[in-house]
Each structure stands twice: as C-alpha cells, then as structure tokens.
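Take a look at the structure set out below.
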Amino acid sequence: MKKKEEKKNGGFFTDLIYDIKHNQSLCLLCAPTIIWYIVFAYCPLIYLLVAFKKYSPSLGLWKSKWVGLDNFKAFFGSKSFFTVTFNTLFLNALFILSTMFFSILIAIALSEVSGKLFKKITQSVVILPHFISWTVIALLCEALLKTQNGFFNNILGAFGIAPINFYQNADVWPALLVILRVWQGAGYGSIVYLAAITGFDQEMYEAARVDGATRGQCIRYLTLPLLKTTAVMLFIMNIGKIFNGDFGMIYNLVGTNSLIYRTTDVIDTYVYRMLVESTNVGQSSAVSLWQSIMGFAIVMFTNKLTKKVDPDSAMF
C-alpha cells in the first residue's frame with residue numbers, strides 16, 4: 001500500500017521507474033508500440049526544419065540554405081492559397097457533418113431492428129463500402145459518369161433532363177464527393193454509435209414505454225440525448241482533421257483534371273503536385289506544417305468551446 005501511495009504522488013519519472021520495476025511484463029507488452037512511435041512519429045520531427053530551408057538532397061538537411069519564412073510566404077502569396085484552403089475546409093466540413101448525421105441515423109435504425117438475422121445482414125451491407133478502395137470507386141465513377149451516354153446520364157435523359165458532363169463541370173463535384181463519402185464511410189462510422197446505444201440502460205426505455213412513450217419519442221428524448229457525449233467526442237476528433245484533405249479519395253477521383261480543380265483541389269493534392277511538378281521540398285513541407293498547426297489549433301479551440309458549453313462532452 002505504501003508503494004502505491006508513493007507512485008501516486010511521486011511524479012511522472014518516479015511512476016515510470018516504479019512501473020518498469022514492478023510491471024515489467026506490461027512494459028514489455030507496450031515496448032513495440034512505444035518503439036514504433038519513437039522511430040516513425042517522433043524521430044522524423046527533426047525534418048520539420050525543411051520547411052524553413054531551401055532543401056537540396058545533395059546538401060542534406062543541415063547544409064541546405066536557411067530561408068526562414070520564405071517558403072510560407074510563397075504559399076500565402078500564391079493564387080492557390082485561398083482556393084485550396086477554402087476547398088479543404090468546406091469539403092471536410094461537409095464530410096464530417098453529413099457522415100456523422102447518416103452514421104447516427106443508421107445506428108438508430110439498426111438498433112430498432114428486432115430480427116437478428118436481418119440486422120446482421122443489413123449491418124454487413126452498410127459496412128461493406130468502407131472496404132472498397134477509392135481506386136475501384138474512381139473506376140466505377142468513370143464508367144457511370146464520364147461519357148454523355150453513361151449510365152447516370154441515360155437515367156437523366158429518361159426524365160427529360162439534359163446530360164451533365166461531370167468531368168468538365170466543377171460545380172457538381174462537392175455534392176458528388178459528399179454522396180460518395182457518405183456511401184463509403186457512414187456505415188462503418190455507425191459502429192461506434194451502435195455500440196454506445198447497445199450499452200444504454202434498457203430499463204429507461206422500458207419505463208418510458210410503460211408511461212406510454214412511442215418509439216419515436218424514445219429516440220428523441222432518450223437515445224439522441226444519450227448519444228450526445230459520444231457524438232461530440234467524435235466530432236472533436238474529426239475536426240482535428242478538417243485541414244487534412246483526403247488525398248486518396250480526391251486524387252483517385254479527380255486525378256490531374258484541371259477543369260475541376262476550382263472546387264476539388266485541396267491542400268494535400270496541391271502539395272503532391274508541387275512535389276511532382278516543381279520538386280520544391282521546402283515549400284511542400286511548409287504547407288504541410290501549416291496544415292498540421294492549424295488542425296491542432298482547431299482541435300484545442302473546439303475542445304475549449306465544448307468545455308464551456310458542456311464540460312462532460314469535452315475530450316480533456
């Protein structure tokens with residue numbers, strides 16, 4: 001008991017030494033993960049210096065010329081700055097809100113299904129798109145949307161609507177990307193919400209039904225309020241990635257089609273093109289660093305705001 005008390009009040013390093021001495025098997029179990037993070041997550045942080053240098057592979061990191069904030073100024077002063085920043089924020093906001101809404105909707109619908117076999121089959125069907133790669137989805141989109149006589153345009157023609165040239169019309173892509181993102185991710189995202197609903201005390205629902213509450217009233221006054229904490233926590237986690245465009249999704253669907261860059265070009269695809277076309281590693285690193293800093297700042301701000309409005313829903 002005395003040792004436990006010392007551990008509690010001894011500080012971080014004292015606790016660490018205590019755990020290494022007395023919980024060796026647990027420390028050994030954690031070792032591979034700790035080593036992985038040190039090697040692949042923390043050691044590479046030294047290369048953040050590239051954002052402040054005119055990097056040359058022949059000179060290396062330390063001998064490359066120091067240029068200060070010039071790489072950042074070049075990005076902030078470019079015509080692409082406002083376009084890629086707005087597209088990244090706008091598309092990610094749509095992705096987060098729409099996916100969260102449909103994930104909760106699917107979770108509630110599945111929780112209300114009574115047949116076990118039907119429930120399992122339905123859950124498998126809605127989760128399945130998550131495991132289809134964006135490369136396959138991009139090929140399907142090309143087959144269905146790229147030509148004037150494609151499958152989708154034939155349906156529009158049947159209703160007397162003029163065909164849409166999707167790969168030359170930038171305005172339709174935000175809606176199209178949201179639909180594809182919801183189709184691919186909402187079912188998988190519903191797993192967390194469904195698990196939370198399963199863990200709710202069923203006696204509350206039974207008491208509500210005894211008092212005459214309908215199924216809709218149970219969802220409105222019990223399920224949704226109880227899901228609020230989970231939803232807010234996941235929202236804060238997702239908001240941290242609002243500055244990170246889904247490169248795999250956008251690049252596979254859009255590729256190098258400059259006709260639709262106006263509404264689809266995000267920071268990640270911009271950085272990739274900068275590396276491929278200009279091989280300017282310094283500017284690419286500067287954009288990536290700015291992206292990470294802004295994402296971290298948004299997470300901290302969102303969490304602080306949540307803490308003031310509803311302290312129980314905050315992450316920390």
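Chain labels A, B, ... are given in the sequence in which chains occur in the structure tokens; within each chain residues are numbered consecutively from 1, and ligands are likewise numbered from 1 in the order shown.
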
Ile164 (chain A) environment, 12 Å, only C-alpha atoms, sequence neighbours closer than 6 positions dropped, as a ChimeraX atom specification
/A:144-157,170-173

Would you list the contacts of region 248-252 of chain A as a list in words, taking every protein, DNA or RNA residue within 7 Å and counting only C-alpha atoms, but skipping same-chain residues closer than 5 positions in sequence?
Trp134, Thr135, Ala138 and Thr269 of chain A

Shell of 10 Å around Lys73 (chain A), only C-alpha atoms, local chain residues under 4 positions omitted, as a PyMOL selection string
chain A and resi 68-69+77-78+283+286

What would the file look like if the residues just selected were written as a short mmCIF file (atom, residue, chain, number, x, y, z; two decimals), in the first residue's frame with all heavy atoms?
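To be explicit, this is the file written out as selection07.cif:
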data_model
loop_
_atom_site.label_atom_id
_atom_site.label_comp_id
_atom_site.auth_asym_id
_atom_site.auth_seq_id
_atom_site.Cartn_x
_atom_site.Cartn_y
_atom_site.Cartn_z
N GLY A 68 14.29 30.89 -43.66
CA GLY A 68 13.31 31.42 -42.71
C GLY A 68 11.88 31.13 -43.12
O GLY A 68 11.51 29.98 -43.40
N LEU A 69 11.08 32.19 -43.22
CA LEU A 69 9.65 32.04 -43.53
C LEU A 69 9.35 32.22 -45.02
O LEU A 69 8.18 32.35 -45.39
CB LEU A 69 8.84 33.05 -42.71
CG LEU A 69 8.92 32.90 -41.18
CD1 LEU A 69 8.15 34.04 -40.51
CD2 LEU A 69 8.37 31.55 -40.72
N GLY A 77 1.22 33.82 -50.53
CA GLY A 77 1.09 34.82 -51.59
C GLY A 77 0.64 34.26 -52.92
O GLY A 77 0.43 35.01 -53.88
N SER A 78 0.50 32.96 -53.01
CA SER A 78 0.11 32.33 -54.29
C SER A 78 -1.39 32.42 -54.52
O SER A 78 -2.17 32.59 -53.58
CB SER A 78 0.55 30.86 -54.32
OG SER A 78 -0.19 30.12 -53.38
N GLN A 283 8.92 24.20 -49.83
CA GLN A 283 7.57 24.77 -49.85
C GLN A 283 6.51 23.73 -49.50
O GLN A 283 5.54 24.01 -48.80
CB GLN A 283 7.28 25.39 -51.22
CG GLN A 283 7.95 26.72 -51.44
CD GLN A 283 7.44 27.42 -52.71
OE1 GLN A 283 6.38 27.10 -53.22
NE2 GLN A 283 8.22 28.36 -53.21
N ALA A 286 6.54 23.28 -45.84
CA ALA A 286 5.96 24.45 -45.17
C ALA A 286 4.44 24.38 -45.18
O ALA A 286 3.78 24.66 -44.17
CB ALA A 286 6.43 25.73 -45.86
#

Quick one: of A:Phe52, A:Tyr270, A:Asn257, A:Pro44, who's nearest to Gln168 (chain A), counting only C-alpha atoms?
A:Asn257

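A straight line drawn from CA of Val178 (chain A) to CA of Ile96 (chain A) is 9.5 Å long.
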
Exercise: Leu222 (chain A) partners within 12 Å, only C-alpha atoms, chain neighbours under 4 positions left out, as JSON, numbers by chain
{"A": [108, 197, 200, 201, 202, 203, 204, 205, 206, 207, 208, 209, 213, 214, 215, 216, 217, 218, 226, 227, 228]}

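Distance annotation: of A:Val271, A:Ile106, A:Leu253, A:Met237, the residue with the minimal separation from Val299 (chain A) is A:Met237; atom set is only C-alpha atoms.
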
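Distances from A:Met274, A:Gly255, A:Phe316, A:Gly185 to Phe131 (chain A) were compared using only C-alpha atoms, and the smallest one belongs to A:Gly185.
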
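Using only C-alpha atoms, the nearest neighbour of Leu61 (chain A) within the list A:Val281, A:Val136, A:Leu180, A:Ser80 is A:Val281.
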
For the helix (DSSP H, G or I) assignment from backbone DSSP, which residues of region 77-273 of chain A qualify? Please present them as JSON, numbers by chain.
{"A": [80, 81, 82, 83, 84, 85, 86, 87, 88, 89, 90, 91, 92, 93, 94, 95, 96, 97, 98, 99, 100, 101, 102, 103, 104, 105, 106, 107, 108, 109, 110, 111, 112, 116, 117, 118, 119, 120, 121, 122, 123, 124, 125, 126, 127, 128, 129, 130, 131, 134, 135, 136, 137, 138, 139, 140, 141, 142, 143, 144, 145, 151, 152, 153, 154, 155, 156, 157, 158, 166, 167, 168, 170, 171, 172, 173, 174, 175, 176, 177, 178, 179, 180, 181, 182, 183, 184, 185, 186, 187, 188, 189, 190, 191, 192, 193, 194, 195, 196, 197, 198, 202, 203, 204, 205, 206, 207, 208, 209, 210, 215, 216, 217, 218, 219, 220, 221, 222, 223, 224, 225, 226, 227, 228, 229, 230, 231, 232, 233, 234, 235, 236, 237, 238, 239, 247, 248, 249, 250, 251, 252, 253, 254, 258, 259, 260, 261, 262, 263, 264, 267, 268, 269, 270, 271, 272, 273]}

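Between Met294 (chain A) and the candidates A:Ser56, A:Pro32, A:Gly240, A:Leu259, the tightest atom-to-atom separation, counting only C-alpha atoms, involves A:Gly240.
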
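Compared by their closest atoms to Thr230 (chain A), and using only C-alpha atoms, the residues A:Ile298, A:Ala162, A:Met100, A:Ile267 rank with A:Met100 nearest.
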
Interatomic distance between CA of Leu140 (chain A) and CA of Thr85 (chain A)?
28.4 Å

So the first atom is CA of Ala186 (chain A) and the second is CA of Phe102 (chain A); what is the distance between them in Å, to one decimal place?
5.8 Å

Which neighbours of Phe86 (chain A) fall inside 10 Å, counting only C-alpha atoms, when residues of the same chain fewer than 2 positions from it are skipped, and could you give them as a list in words?
Ser80, Phe81, Phe82, Thr83, Val84, Thr88, Leu89, Phe90, Leu91, Asn92, Phe243, Thr263, Thr264, Asp265, Val266 and Ile267 of chain A

Could those selected residues go to a file with N, CA and C atoms, as a PDB file, in the first residue's frame?
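Written out: again.pdb:
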ATOM      1  N   SER A  80      -3.227  30.022 -55.386  1.00  0.00           N
ATOM      2  CA  SER A  80      -3.853  28.765 -54.950  1.00  0.00           C
ATOM      3  C   SER A  80      -4.173  28.743 -53.464  1.00  0.00           C
ATOM      4  N   PHE A  81      -3.607  29.675 -52.693  1.00  0.00           N
ATOM      5  CA  PHE A  81      -3.755  29.626 -51.234  1.00  0.00           C
ATOM      6  C   PHE A  81      -5.221  29.632 -50.814  1.00  0.00           C
ATOM      7  N   PHE A  82      -5.972  30.614 -51.273  1.00  0.00           N
ATOM      8  CA  PHE A  82      -7.370  30.733 -50.852  1.00  0.00           C
ATOM      9  C   PHE A  82      -8.223  29.601 -51.423  1.00  0.00           C
ATOM     10  N   THR A  83      -7.920  29.188 -52.648  1.00  0.00           N
ATOM     11  CA  THR A  83      -8.708  28.121 -53.282  1.00  0.00           C
ATOM     12  C   THR A  83      -8.567  26.806 -52.537  1.00  0.00           C
ATOM     13  N   VAL A  84      -7.316  26.368 -52.324  1.00  0.00           N
ATOM     14  CA  VAL A  84      -7.099  25.056 -51.689  1.00  0.00           C
ATOM     15  C   VAL A  84      -7.502  25.076 -50.218  1.00  0.00           C
ATOM     16  N   THR A  88     -10.504  22.729 -48.880  1.00  0.00           N
ATOM     17  CA  THR A  88     -10.194  21.759 -47.819  1.00  0.00           C
ATOM     18  C   THR A  88     -11.166  21.893 -46.654  1.00  0.00           C
ATOM     19  N   LEU A  89     -11.367  23.123 -46.196  1.00  0.00           N
ATOM     20  CA  LEU A  89     -12.263  23.362 -45.054  1.00  0.00           C
ATOM     21  C   LEU A  89     -13.716  23.063 -45.423  1.00  0.00           C
ATOM     22  N   PHE A  90     -14.131  23.526 -46.582  1.00  0.00           N
ATOM     23  CA  PHE A  90     -15.529  23.367 -46.994  1.00  0.00           C
ATOM     24  C   PHE A  90     -15.889  21.897 -47.201  1.00  0.00           C
ATOM     25  N   LEU A  91     -15.054  21.186 -47.955  1.00  0.00           N
ATOM     26  CA  LEU A  91     -15.339  19.776 -48.228  1.00  0.00           C
ATOM     27  C   LEU A  91     -15.273  18.932 -46.955  1.00  0.00           C
ATOM     28  N   ASN A  92     -14.271  19.173 -46.122  1.00  0.00           N
ATOM     29  CA  ASN A  92     -14.156  18.399 -44.884  1.00  0.00           C
ATOM     30  C   ASN A  92     -15.316  18.676 -43.935  1.00  0.00           C
ATOM     31  N   PHE A 243      -8.301  20.168 -41.677  1.00  0.00           N
ATOM     32  CA  PHE A 243      -7.319  20.763 -42.591  1.00  0.00           C
ATOM     33  C   PHE A 243      -6.605  19.695 -43.426  1.00  0.00           C
ATOM     34  N   THR A 263     -13.157  23.470 -57.474  1.00  0.00           N
ATOM     35  CA  THR A 263     -13.965  23.036 -56.331  1.00  0.00           C
ATOM     36  C   THR A 263     -13.438  21.765 -55.660  1.00  0.00           C
ATOM     37  N   THR A 264     -12.385  21.167 -56.220  1.00  0.00           N
ATOM     38  CA  THR A 264     -11.907  19.885 -55.668  1.00  0.00           C
ATOM     39  C   THR A 264     -10.460  19.907 -55.193  1.00  0.00           C
ATOM     40  N   ASP A 265      -9.697  20.906 -55.601  1.00  0.00           N
ATOM     41  CA  ASP A 265      -8.279  20.933 -55.229  1.00  0.00           C
ATOM     42  C   ASP A 265      -8.125  21.259 -53.743  1.00  0.00           C
ATOM     43  N   VAL A 266      -7.505  20.342 -52.987  1.00  0.00           N
ATOM     44  CA  VAL A 266      -7.311  20.532 -51.549  1.00  0.00           C
ATOM     45  C   VAL A 266      -5.816  20.632 -51.248  1.00  0.00           C
ATOM     46  N   ILE A 267      -5.489  20.919 -50.002  1.00  0.00           N
ATOM     47  CA  ILE A 267      -4.088  21.159 -49.637  1.00  0.00           C
ATOM     48  C   ILE A 267      -3.220  19.942 -49.957  1.00  0.00           C
TER      49      ILE A 267
END
